[in-house]
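Below is coords_27.cif, which holds mmCIF, C-alpha atoms.
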```
data_protein
loop_
_atom_site.label_atom_id
_atom_site.label_comp_id
_atom_site.auth_asym_id
_atom_site.auth_seq_id
_atom_site.Cartn_x
_atom_site.Cartn_y
_atom_site.Cartn_z
CA MET A 4 17.54 3.04 -22.91
CA SER A 5 15.38 6.08 -23.70
CA LEU A 6 11.62 6.38 -23.82
CA LEU A 7 9.25 8.96 -25.29
CA LEU A 8 5.68 8.95 -24.03
CA LYS A 9 3.88 11.34 -26.36
CA ASN A 10 0.45 12.93 -26.70
CA GLY A 11 -0.71 11.95 -23.22
CA THR A 12 -2.28 14.13 -20.55
CA LEU A 13 -0.04 14.30 -17.49
CA VAL A 14 -1.89 14.30 -14.16
CA SER A 15 -0.35 15.49 -10.90
CA HIS A 16 -1.87 16.11 -7.48
CA SER A 17 -2.45 19.72 -8.53
CA GLY A 18 -3.62 19.59 -12.13
CA ARG A 19 -3.35 18.29 -15.70
CA ALA A 20 -1.35 19.25 -18.76
CA LYS A 21 -1.06 17.85 -22.27
CA ALA A 22 2.65 17.18 -22.85
CA ASN A 23 5.26 14.66 -23.92
CA LEU A 24 7.48 12.92 -21.39
CA PHE A 25 11.05 11.93 -22.26
CA ALA A 26 13.02 9.54 -20.05
CA ALA A 27 16.52 8.10 -20.28
CA GLY A 28 18.71 6.10 -17.91
CA GLY A 29 15.77 5.36 -15.65
CA LYS A 30 15.04 9.05 -14.99
CA ILE A 31 12.60 11.59 -16.36
CA VAL A 32 14.69 13.98 -18.43
CA SER A 33 12.07 16.46 -19.59
CA ILE A 34 8.43 17.32 -19.92
CA THR A 35 8.25 18.88 -23.33
CA ALA A 36 6.18 19.86 -26.35
CA SER A 37 8.86 18.47 -28.68
CA GLU A 38 9.45 14.84 -29.67
CA PRO A 39 13.07 13.88 -28.91
CA ALA A 40 14.42 10.78 -30.61
CA ALA A 41 14.04 7.73 -28.33
CA ASP A 42 14.67 4.00 -28.36
CA GLU A 43 11.00 3.39 -27.60
CA VAL A 44 8.05 5.64 -28.45
CA ILE A 45 4.60 5.15 -26.93
CA ASP A 46 1.65 7.12 -28.24
CA ALA A 47 -0.58 7.91 -25.25
CA GLU A 48 -3.23 9.85 -27.19
CA GLY A 49 -6.47 9.74 -25.21
CA LEU A 50 -4.74 8.33 -22.13
CA LEU A 51 -3.75 9.86 -18.79
CA VAL A 52 -0.19 9.68 -17.48
CA LEU A 53 0.28 9.47 -13.70
CA PRO A 54 3.36 9.32 -11.50
CA GLY A 55 3.90 5.65 -10.63
CA ILE A 56 1.47 4.34 -8.04
CA ILE A 57 3.00 3.50 -4.65
CA ASP A 58 1.40 0.88 -2.43
CA PRO A 59 2.82 1.53 1.06
CA HIS A 60 1.18 -1.50 2.67
CA VAL A 61 1.57 -5.01 1.23
CA HIS A 62 2.25 -8.45 2.66
CA PHE A 63 4.13 -10.44 0.03
CA ARG A 64 4.59 -13.20 2.62
CA GLN A 65 8.27 -13.94 2.12
CA PRO A 66 10.21 -15.39 3.82
CA GLY A 67 8.52 -18.43 5.31
CA MET A 68 4.94 -18.27 3.99
CA ASP A 69 3.36 -19.77 0.90
CA SER A 70 0.36 -17.61 -0.05
CA GLU A 71 2.43 -15.13 -2.08
CA ASP A 72 5.95 -14.61 -3.40
CA TRP A 73 7.76 -11.64 -4.87
CA ALA A 74 7.80 -12.80 -8.47
CA GLY A 75 4.02 -13.25 -8.54
CA GLY A 76 3.16 -10.42 -6.18
CA SER A 77 5.16 -7.91 -8.19
CA ARG A 78 3.50 -9.08 -11.42
CA ALA A 79 0.11 -8.52 -9.81
CA ALA A 80 1.25 -5.08 -8.68
CA ALA A 81 2.48 -4.09 -12.15
CA ALA A 82 -0.77 -5.27 -13.75
CA GLY A 83 -2.60 -3.04 -11.26
CA GLY A 84 -0.55 0.03 -12.20
CA VAL A 85 1.65 -0.12 -9.09
CA THR A 86 5.35 0.67 -9.56
CA THR A 87 6.55 0.58 -5.91
CA VAL A 88 5.52 -1.48 -2.89
CA LEU A 89 6.50 -1.33 0.78
CA ASP A 90 6.31 -4.74 2.43
CA MET A 91 5.32 -5.46 6.03
CA PRO A 92 7.61 -7.32 8.46
CA ASN A 93 5.30 -10.03 9.87
CA THR A 94 6.86 -12.93 8.00
CA ARG A 95 8.61 -16.08 9.26
CA PRO A 96 10.96 -15.06 10.70
CA PRO A 97 9.80 -11.46 11.14
CA ALA A 98 12.12 -8.66 10.08
CA THR A 99 13.03 -7.47 13.59
CA THR A 100 16.82 -7.17 13.37
CA ALA A 101 19.15 -5.55 10.88
CA ALA A 102 20.51 -8.99 9.99
CA LEU A 103 17.06 -10.43 9.31
CA LEU A 104 16.13 -7.40 7.20
CA ALA A 105 19.30 -7.85 5.12
CA GLU A 106 18.50 -11.53 4.68
CA LYS A 107 14.98 -10.66 3.54
CA GLU A 108 16.33 -8.16 1.02
CA ARG A 109 18.63 -10.81 -0.45
CA LEU A 110 15.71 -13.20 -0.79
CA VAL A 111 13.53 -10.59 -2.49
CA ALA A 112 16.26 -9.55 -4.92
CA SER A 113 16.77 -13.21 -5.91
CA GLN A 114 13.13 -13.38 -7.03
CA SER A 115 13.64 -10.48 -9.50
CA PRO A 116 10.50 -8.46 -8.72
CA CYS A 117 9.32 -6.32 -11.60
CA VAL A 118 8.39 -3.35 -9.38
CA ASN A 119 10.42 -1.30 -6.91
CA TYR A 120 10.40 -2.41 -3.31
CA GLY A 121 11.08 -1.36 0.24
CA PHE A 122 10.47 -2.85 3.67
CA HIS A 123 8.96 -1.91 6.99
CA PHE A 124 10.86 -3.03 10.10
CA GLY A 125 9.11 -5.02 12.84
CA ALA A 126 8.77 -3.71 16.38
CA THR A 127 8.89 -5.95 19.41
CA GLU A 128 8.69 -4.84 23.02
CA ASP A 129 12.47 -4.99 23.38
CA ASN A 130 14.23 -4.44 20.03
CA ALA A 131 14.61 -0.65 20.04
CA GLY A 132 18.36 -1.18 20.03
CA GLU A 133 18.06 -2.36 16.43
CA TYR A 134 16.56 0.90 15.09
CA ALA A 135 19.93 2.58 14.60
CA GLY A 136 21.17 -0.35 12.51
CA VAL A 137 18.41 0.25 9.95
CA GLY A 138 18.55 4.06 10.11
CA LEU A 139 15.26 4.48 11.99
CA SER A 140 16.49 5.83 15.30
CA ALA A 141 14.85 9.13 16.23
CA SER A 142 18.28 10.44 17.20
CA GLY A 143 19.43 10.01 13.59
CA GLY A 144 22.57 8.48 12.15
CA GLY A 145 23.15 5.58 9.80
CA GLU A 146 21.84 4.85 6.33
CA ARG A 147 18.11 4.43 6.33
CA LEU A 148 17.29 0.90 5.18
CA ALA A 149 13.59 0.64 6.02
CA ALA A 150 10.47 2.74 5.54
CA SER A 151 9.26 2.67 9.15
CA VAL A 152 9.06 0.70 12.37
CA LYS A 153 5.80 -1.29 12.25
CA VAL A 154 3.86 -1.80 15.47
CA PHE A 155 1.05 -4.33 15.83
CA MET A 156 -1.07 -3.20 18.78
CA GLY A 157 -3.51 -6.03 18.02
CA SER A 158 -2.78 -9.63 17.11
CA SER A 159 -2.72 -10.46 13.41
CA THR A 160 -0.90 -12.80 11.04
CA GLY A 161 2.50 -13.64 12.49
CA SER A 162 3.95 -13.28 15.97
CA LEU A 163 4.52 -9.52 16.25
CA LEU A 164 2.51 -7.89 19.03
CA VAL A 165 3.17 -4.92 21.33
CA GLN A 166 0.78 -5.04 24.29
CA ARG A 167 2.40 -3.10 27.14
CA GLU A 168 1.66 0.60 26.93
CA GLU A 169 5.07 1.53 28.35
CA ALA A 170 6.69 -0.48 25.55
CA LEU A 171 4.56 1.38 23.01
CA ALA A 172 5.61 4.70 24.53
CA GLY A 173 9.25 3.71 24.22
CA ILE A 174 8.87 2.77 20.56
CA LEU A 175 7.17 6.06 19.78
CA ARG A 176 9.97 7.89 21.52
CA GLU A 177 12.86 5.95 19.98
CA ALA A 178 11.75 5.48 16.35
CA ARG A 179 11.98 8.04 13.58
CA LEU A 180 8.74 6.93 11.89
CA VAL A 181 6.22 4.44 13.24
CA THR A 182 3.53 2.62 11.24
CA VAL A 183 0.76 1.21 13.41
CA HIS A 184 -1.86 -1.51 13.24
CA ALA A 185 -4.13 0.25 15.72
CA GLU A 186 -6.38 -2.29 17.42
CA ASP A 187 -6.15 -2.61 21.20
CA GLU A 188 -5.34 -6.24 22.09
CA ALA A 189 -6.91 -5.84 25.53
CA VAL A 190 -10.26 -4.92 23.95
CA ILE A 191 -9.97 -7.78 21.46
CA ARG A 192 -9.42 -10.27 24.30
CA GLU A 193 -12.33 -8.86 26.28
CA ASN A 194 -14.59 -9.58 23.31
CA ALA A 195 -13.05 -12.93 22.28
CA SER A 196 -16.17 -14.96 23.13
CA ARG A 197 -18.58 -12.85 21.10
CA GLY A 198 -20.23 -14.16 17.96
CA THR A 199 -18.95 -12.51 14.78
CA HIS A 200 -15.47 -11.42 13.77
CA GLU A 201 -16.66 -7.80 13.73
CA GLU A 202 -18.00 -8.17 17.28
CA ARG A 203 -14.76 -9.74 18.47
CA ARG A 204 -12.74 -6.83 17.07
CA PRO A 205 -15.15 -3.89 17.50
CA LYS A 206 -14.54 -0.33 16.45
CA VAL A 207 -13.85 0.57 20.08
CA ALA A 208 -10.69 -1.55 19.83
CA ALA A 209 -9.40 0.80 17.13
CA LEU A 210 -10.50 3.92 19.01
CA SER A 211 -8.84 2.71 22.21
CA ALA A 212 -5.57 2.03 20.37
CA ILE A 213 -5.57 5.45 18.70
CA ALA A 214 -6.25 7.08 22.08
CA LYS A 215 -3.16 5.31 23.47
CA LEU A 216 -1.11 6.59 20.54
CA ARG A 217 -2.28 10.13 21.27
CA ARG A 218 -1.21 9.84 24.89
CA HIS A 219 2.37 9.20 23.85
CA ALA A 220 2.88 10.84 20.43
CA SER A 221 1.63 14.19 19.19
CA ARG A 222 4.09 14.51 16.33
CA PRO A 223 3.00 13.44 12.84
CA SER A 224 5.70 10.78 12.60
CA VAL A 225 3.05 8.11 13.17
CA TYR A 226 1.21 6.49 10.28
CA VAL A 227 -2.03 4.75 11.27
CA CYS A 228 -2.96 1.90 8.94
CA HIS A 229 -6.35 0.76 7.62
CA LEU A 230 -8.80 3.09 9.34
CA THR A 231 -12.39 1.87 9.05
CA ALA A 232 -14.59 4.85 9.96
CA TRP A 233 -14.72 8.64 10.23
CA GLU A 234 -14.46 8.51 14.03
CA GLU A 235 -11.10 6.78 13.84
CA ALA A 236 -9.77 9.22 11.25
CA ALA A 237 -10.92 12.21 13.32
CA LEU A 238 -9.34 10.85 16.52
CA ALA A 239 -6.09 10.14 14.67
CA GLY A 240 -5.91 13.80 13.63
CA PRO A 241 -2.25 14.48 14.58
CA PHE A 242 -1.01 11.49 12.57
CA TRP A 243 -0.84 10.33 8.97
CA LYS A 244 -3.85 8.19 8.15
CA GLU A 245 -4.39 5.35 5.67
CA ALA A 246 -7.53 3.77 4.25
CA THR A 247 -7.75 0.49 2.35
CA PRO A 248 -9.89 -0.34 -0.68
CA HIS A 249 -11.71 -3.12 1.17
CA HIS A 250 -12.86 -0.76 3.91
CA LEU A 251 -13.81 1.88 1.35
CA PHE A 252 -15.70 -0.39 -1.04
CA LEU A 253 -16.94 -3.39 1.01
CA ASN A 254 -19.01 -3.77 4.16
CA SER A 255 -19.63 -6.50 6.71
CA SER A 256 -22.57 -7.92 4.75
CA LEU A 257 -19.97 -9.57 2.49
CA MET A 258 -19.31 -12.09 5.29
CA GLY A 259 -22.79 -13.44 4.63
CA LYS A 260 -21.96 -13.91 0.94
CA ILE A 261 -18.40 -15.25 0.85
CA GLY A 262 -17.87 -16.15 4.51
CA ASP A 263 -14.34 -16.09 5.89
CA TYR A 264 -12.92 -15.01 2.55
CA ALA A 265 -14.07 -11.56 3.76
CA LYS A 266 -12.41 -11.95 7.17
CA VAL A 267 -9.82 -9.22 7.65
CA ASN A 268 -8.20 -7.24 10.50
CA PRO A 269 -9.59 -4.77 11.33
CA PRO A 270 -12.95 -6.18 10.24
CA LEU A 271 -15.20 -4.86 7.55
CA ARG A 272 -17.72 -2.58 9.23
CA GLY A 273 -21.37 -1.82 8.57
CA GLU A 274 -22.53 0.32 5.67
CA ALA A 275 -22.81 3.47 7.80
CA ASP A 276 -19.15 3.19 8.80
CA ARG A 277 -18.10 2.49 5.20
CA GLN A 278 -19.86 5.63 4.04
CA SER A 279 -18.35 7.60 6.92
CA LEU A 280 -14.87 6.57 5.74
CA TRP A 281 -15.64 8.19 2.39
CA ARG A 282 -16.72 11.27 4.32
CA ALA A 283 -13.33 11.27 6.05
CA LEU A 284 -11.59 11.00 2.68
CA GLY A 285 -13.68 13.86 1.31
CA GLU A 286 -12.84 16.04 4.32
CA GLY A 287 -9.11 15.50 3.81
CA LEU A 288 -8.69 13.28 6.87
CA ILE A 289 -7.15 10.44 4.84
CA ASP A 290 -3.58 10.88 3.61
CA ALA A 291 -2.87 7.66 1.73
CA ILE A 292 -4.43 4.55 0.26
CA GLY A 293 -2.73 1.23 0.97
CA SER A 294 -4.03 -2.08 -0.33
CA ASP A 295 -3.07 -4.11 2.77
CA HIS A 296 -2.61 -6.91 0.24
CA ALA A 297 -2.69 -9.87 2.64
CA PRO A 298 -3.41 -13.06 0.66
CA HIS A 299 -4.11 -16.52 2.03
CA LEU A 300 -4.61 -19.68 0.02
CA LYS A 301 -8.15 -21.02 -0.42
CA GLY A 302 -7.42 -24.04 1.75
CA ALA A 303 -6.48 -21.77 4.67
CA LYS A 304 -9.55 -19.58 4.22
CA GLU A 305 -11.79 -22.66 4.21
CA SER A 306 -10.15 -24.23 7.27
CA GLN A 307 -11.53 -24.51 10.81
CA SER A 308 -9.38 -21.52 11.87
CA PRO A 309 -9.32 -19.23 8.84
CA PRO A 310 -6.73 -16.43 8.95
CA SER A 311 -7.59 -12.78 8.36
CA GLY A 312 -6.58 -10.94 5.22
CA VAL A 313 -7.63 -10.29 1.62
CA PRO A 314 -5.57 -9.72 -1.54
CA GLY A 315 -5.78 -6.28 -3.15
CA VAL A 316 -2.61 -4.93 -4.79
CA GLY A 317 -4.00 -5.49 -8.30
CA THR A 318 -7.40 -3.87 -7.79
CA THR A 319 -6.72 -0.80 -5.63
CA LEU A 320 -6.08 1.60 -8.49
CA PRO A 321 -8.96 0.36 -10.70
CA LEU A 322 -11.35 0.72 -7.76
CA MET A 323 -10.20 4.30 -7.14
CA LEU A 324 -10.38 5.14 -10.87
CA ASP A 325 -13.92 3.81 -11.00
CA ALA A 326 -14.77 5.90 -7.94
CA SER A 327 -13.32 8.93 -9.72
CA ASN A 328 -15.44 8.19 -12.77
CA ARG A 329 -18.48 8.09 -10.48
CA GLY A 330 -17.63 11.49 -9.00
CA LEU A 331 -16.62 10.23 -5.55
CA VAL A 332 -13.06 11.55 -5.68
CA ALA A 333 -11.12 13.77 -8.09
CA LEU A 334 -8.39 12.05 -10.07
CA GLU A 335 -5.86 14.60 -8.82
CA ARG A 336 -6.75 13.53 -5.28
CA VAL A 337 -6.20 9.90 -6.25
CA VAL A 338 -2.68 10.86 -7.42
CA ALA A 339 -2.05 12.55 -4.08
CA LEU A 340 -3.33 9.59 -2.05
CA MET A 341 -1.57 6.91 -4.09
CA SER A 342 1.65 8.51 -5.29
CA ARG A 343 2.71 11.91 -4.00
CA ASN A 344 1.71 11.46 -0.35
CA PRO A 345 3.18 7.98 0.21
CA ALA A 346 6.44 9.18 -1.37
CA GLU A 347 6.59 12.19 0.96
CA ILE A 348 5.45 10.39 4.12
CA PHE A 349 8.04 7.62 3.78
CA GLY A 350 10.74 9.75 2.19
CA LEU A 351 11.00 7.73 -1.01
CA ARG A 352 13.67 9.40 -3.08
CA GLY A 353 12.74 10.08 -6.71
CA LYS A 354 9.16 8.84 -6.35
CA GLY A 355 5.75 10.46 -6.50
CA SER A 356 6.10 13.04 -9.27
CA LEU A 357 6.52 13.50 -13.01
CA GLN A 358 9.22 16.15 -12.71
CA ALA A 359 12.54 16.19 -14.51
CA GLY A 360 15.04 14.27 -12.41
CA ALA A 361 12.45 11.99 -10.83
CA ASP A 362 12.56 8.25 -11.37
CA ALA A 363 10.81 7.17 -14.58
CA ASP A 364 8.11 5.25 -12.72
CA ILE A 365 4.92 5.95 -14.64
CA THR A 366 1.36 4.60 -14.69
CA VAL A 367 -0.72 5.16 -17.84
CA ILE A 368 -4.48 4.82 -17.45
CA ASP A 369 -7.53 4.65 -19.69
CA MET A 370 -10.46 6.19 -17.85
CA ALA A 371 -12.90 4.89 -20.48
CA ARG A 372 -11.85 1.24 -20.32
CA GLU A 373 -14.45 -0.96 -18.64
CA ARG A 374 -13.69 -4.45 -17.36
CA LYS A 375 -15.03 -7.03 -14.95
CA VAL A 376 -12.76 -8.02 -12.06
CA ARG A 377 -11.80 -11.68 -12.51
CA SER A 378 -9.41 -13.53 -10.23
CA GLU A 379 -7.75 -15.26 -13.20
CA ASP A 380 -6.63 -11.87 -14.51
CA LEU A 381 -5.00 -10.67 -11.27
CA HIS A 382 -1.89 -12.92 -11.06
CA TYR A 383 -2.45 -13.66 -7.37
CA ARG A 384 -0.92 -16.86 -6.08
CA CYS A 385 -3.94 -17.28 -3.77
CA GLY A 386 -6.28 -17.38 -6.79
CA TRP A 387 -9.17 -15.27 -5.50
CA THR A 388 -10.35 -11.71 -4.86
CA PRO A 389 -13.14 -10.26 -2.68
CA PHE A 390 -13.99 -7.95 -5.61
CA GLU A 391 -14.83 -10.82 -7.98
CA GLY A 392 -17.38 -9.82 -10.64
CA LEU A 393 -17.35 -6.07 -10.05
CA VAL A 394 -17.45 -4.07 -13.29
CA LEU A 395 -15.04 -1.15 -13.03
CA LYS A 396 -14.52 1.74 -15.42
CA GLY A 397 -10.96 3.08 -15.49
CA TRP A 398 -7.95 0.75 -15.69
CA PRO A 399 -4.17 0.98 -15.93
CA VAL A 400 -2.97 0.01 -19.41
CA ILE A 401 0.79 0.62 -19.21
CA THR A 402 3.09 0.38 -16.17
CA ILE A 403 6.63 1.71 -16.54
CA VAL A 404 9.28 0.95 -13.90
CA GLY A 405 12.61 2.75 -14.08
CA GLY A 406 11.98 3.73 -17.70
CA SER A 407 11.18 0.18 -18.85
CA VAL A 408 7.73 -1.15 -19.67
CA ALA A 409 6.75 -3.74 -17.06
CA TYR A 410 3.15 -4.25 -18.15
CA ARG A 411 1.19 -3.24 -21.23
CA ASP A 412 -2.31 -4.17 -22.40
CA GLY A 413 -2.53 -7.43 -20.53
CA ALA A 414 1.04 -8.64 -21.04
CA HIS A 415 4.09 -8.44 -18.82
CA HIS A 416 7.40 -7.29 -20.29
CA PRO A 417 10.95 -7.77 -19.05
CA ALA A 418 11.56 -5.21 -16.32
CA ARG A 419 13.23 -5.32 -12.94
CA GLY A 420 12.50 -3.15 -9.97
CA SER A 421 15.04 -1.73 -7.54
CA ARG A 422 15.18 -1.30 -3.79
CA VAL A 423 13.95 2.18 -2.88
CA THR A 424 16.24 4.70 -1.26
CA TYR A 425 15.18 7.21 1.36
CA ALA A 426 15.70 10.91 1.70
CA PRO A 427 18.00 11.79 4.63
#
```
Written as structure tokens, that's how I'd like the structure from this file.
Amino acid sequence: MSLLLKNGTLVSHSGRAKANLFAAGGKIVSITASEPAADEVIDAEGLLVLPGIIDPHVHFRQPGMDSEDWAGGSRAAAAGGVTTVLDMPNTRPPATTAALLAEKERLVASQSPCVNYGFHFGATEDNAGEYAGVGLSASGGGERLAASVKVFMGSSTGSLLVQREEALAGILREARLVTVHAEDEAVIRENASRGTHEERRPKVAALSAIAKLRRHASRPSVYVCHLTAWEEAALAGPFWKEATPHHLFLNSSLMGKIGDYAKVNPPLRGEADRQSLWRALGEGLIDAIGSDHAPHLKGAKESQSPPSGVPGVGTTLPLMLDASNRGLVALERVVALMSRNPAEIFGLRGKGSLQAGADADITVIDMARERKVRSEDLHYRCGWTPFEGLVLKGWPVITIVGGSVAYRDGAHHPARGSRVTYAP
């Protein structure tokens, strides 16, 4: 199967160029001014062509949970311009052994996701002996089967939690790459009786966790998830740093409007902190955008003990495109944050660029298209979004996975993603 994408403007992290893109056998063959014969020709006149968007932080909730599955979650991702996702390990059971990770992979493959996929591996206080089996031992050896070892320093959905500082130090020493939910559980428990969710998980919990990380790891092989303010990003200076769309675009006042539907870990902060996170992004302190797509069904969110988490894989790119249209961030920077950098940080082979030889994972966008966010358009199993009703300018219109169209102008097409492979 060959594909010619002609007359588009190709956008990389470093610039733009009007050119045609020819792909065959799932790979980009050439960037050219000519028009090679192809099985499928797409005229992208007036559109921008990006390397496929990578979401390095999703919770597709399988196995063992019912608020998402891989068939639906991958359809939502493709509709949002995402071609590759990396899934977190806090499922039931959690992916904390090589055998459980292999079982999870078999389950995911059976659901035929339409985007590419990889997995993070779950850390416990005593499973460092499993790192070698998934290729994540700092001493090397073995085929790498997971993107990182994920540490939850604060309690969240699922049972994974690393509380003892000596256990954290051991993980940082033994693992090749560590992804961290940085909220200090001790601080959370000290504040457990306070009134609001934000007060129970204050910013000091994040700062305390990052300070612990700095005591035990100075190398950049630590990726700190979902930072909420400039102070956190500045303190996490030696590490790779992620921001989420909900912390960039929403603040804690949303709790007063939609209640526990806006409950998330770490919490939404006040407007000053939200604006400071944009300052961090503008100063280059943020390396990647991850949706932290963490859906829960409406019944759970409306229960007496509502869980934390919001869906987001389908709206992350439109939100960032709208921000680019409003002058908040250059489109080339969006490509770096959402494609090139995640590919480099996690060593995703063939991802993150539009160069000859790269995988033909491509996101085509229309920066002039304006649409209202509606939950019924997002393909989420949970059936809701915290961004309901927002009018955004700039939307993905075609998503290509491995050289095949997965999504185009509101319709899904037959396409199947593949498990990612990692650079040695």
Next on the checklist: Ranking A:Val267, A:Ala359, A:Val394, A:Val14 by minimum distance to Arg374 (chain A) and counting all atoms listed in the file, which one comes first?
Outcome noted: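 Checking each candidate against Arg374 (chain A), we get A:Val394 as the closest.
With all atoms listed in the file as the atoms that count, the minimum distance from Pro417 (chain A) to the choices A:Val118, A:Ala283, A:Met323, A:Leu110 is reached by A:Val118.
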Next on the checklist: Please enumerate the residues selected by the PyMOL selection byres ((chain A and resi 290-292) around 10) when evaluated against the supplied file, formatted as a ChimeraX atom specification.
Outcome noted: /A:57-60,226-229,236,242-248,251,284,287-289,293-295,319-320,323,336-346,348
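With only C-alpha atoms as the atoms that count, the residue of A:Leu381, A:Val137, A:Leu393, A:Leu13 with the shortest distance to Phe252 (chain A) is A:Leu393.
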Next on the checklist: Since I can't run it myself right now, could you work out what the PyMOL selection byres ((chain A and resi 141) around 8) selects here and report it as a list in words?
Outcome noted: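 In the shown coordinates, the PyMOL selection byres ((chain A and resi 141) around 8) covers Leu139, Ser140, Ser142, Gly143, Arg176, Glu177, Ala178, Arg179 and Leu180 of chain A.
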Item to check | Answer key for the PyMOL selection byres ((chain A and resi 48) around 10), residues as a list in words | outcome: Leu8, Lys9, Asn10, Gly11, Thr12, Lys21, Ile45, Asp46, Ala47, Gly49, Leu50 and Leu51 of chain A
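The residue that comes closest to Leu104 (chain A), out of A:Met91, A:Leu334, A:Ala81, A:Val423 and on the basis of all atoms listed in the file, is A:Met91.
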Checklist entry - Got a sec: who's within 7 Å of Leu280 (chain A), counting only C-alpha atoms, leaving out chain neighbours fewer than 6 positions off, as a PyMOL selection string? => result chain A and resi 231-233+251
Next on the checklist: Residues near Glu391 (chain A), anyone? I mean within 7 Å using all atoms listed in the file, not counting same-chain ones fewer than 3 positions away, as number ranges by chain.
Outcome noted: A: 376-378, 388
Item to check | Nearest to Glu38 (chain A), chosen from A:Leu7, A:Leu103, A:Ile56, A:Thr318, with all atoms listed in the file counted in the distances | outcome: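 Under the stated criterion, the closest residue is A:Leu7.
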Checklist entry - With all atoms listed in the file as the basis for distance, which of A:Gly317, A:Gly397, A:Gly330, A:Gly259 is at the shortest distance from Gly75 (chain A)? => result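 Counting all atoms listed in the file, the residue closest to Gly75 (chain A) is A:Gly317.
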Near region 188-211 of chain A, 10 Å: region 241-279 of chain A residue rows, closest pairs, only C-alpha atoms, as CSV:
```
residue,atom,partner,partner_atom,distance
A:Ser255,CA,A:Glu201,CA,7.7
A:Met258,CA,A:His200,CA,9.3
A:Asp263,CA,A:His200,CA,9.2
A:Lys266,CA,A:His200,CA,7.3
A:Val267,CA,A:His200,CA,8.6
A:Asn268,CA,A:Arg204,CA,8.0
A:Pro269,CA,A:Arg204,CA,6.9
A:Pro270,CA,A:Glu201,CA,5.3
A:Leu271,CA,A:Glu201,CA,7.0
A:Arg272,CA,A:Glu201,CA,7.0
A:Gly273,CA,A:Glu201,CA,9.2
A:Asp276,CA,A:Lys206,CA,9.6
```
Repair of region 394-405 of chain A at the level of N, CA and C atoms, as a compact mmCIF listing (two decimals), in the coordinates of the input:
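Below you can see selection_16.txt, which holds the result:
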```
# COMPACT_ATOMS: atom_id res chain seq x y z
N VAL A 394 -17.78 -4.72 -12.03
CA VAL A 394 -17.45 -4.07 -13.29
C VAL A 394 -16.93 -2.67 -12.98
N LEU A 395 -15.69 -2.42 -13.34
CA LEU A 395 -15.04 -1.15 -13.03
C LEU A 395 -14.70 -0.41 -14.32
N LYS A 396 -14.86 0.89 -14.27
CA LYS A 396 -14.52 1.74 -15.42
C LYS A 396 -13.32 2.59 -15.04
N GLY A 397 -12.21 2.41 -15.79
CA GLY A 397 -10.96 3.08 -15.49
C GLY A 397 -9.92 2.06 -15.08
N TRP A 398 -8.94 1.79 -15.96
CA TRP A 398 -7.95 0.75 -15.69
C TRP A 398 -6.56 1.20 -16.13
N PRO A 399 -5.53 0.75 -15.44
CA PRO A 399 -4.17 0.98 -15.93
C PRO A 399 -3.94 0.15 -17.19
N VAL A 400 -3.25 0.73 -18.17
CA VAL A 400 -2.97 0.01 -19.41
C VAL A 400 -1.48 -0.15 -19.66
N ILE A 401 -0.66 0.73 -19.08
CA ILE A 401 0.79 0.62 -19.21
C ILE A 401 1.42 0.96 -17.86
N THR A 402 2.34 0.11 -17.40
CA THR A 402 3.09 0.38 -16.17
C THR A 402 4.56 0.40 -16.51
N ILE A 403 5.22 1.51 -16.20
CA ILE A 403 6.63 1.71 -16.54
C ILE A 403 7.43 1.82 -15.24
N VAL A 404 8.45 0.98 -15.11
CA VAL A 404 9.28 0.95 -13.90
C VAL A 404 10.72 1.26 -14.29
N GLY A 405 11.24 2.36 -13.77
CA GLY A 405 12.61 2.75 -14.08
C GLY A 405 12.85 2.95 -15.56
```
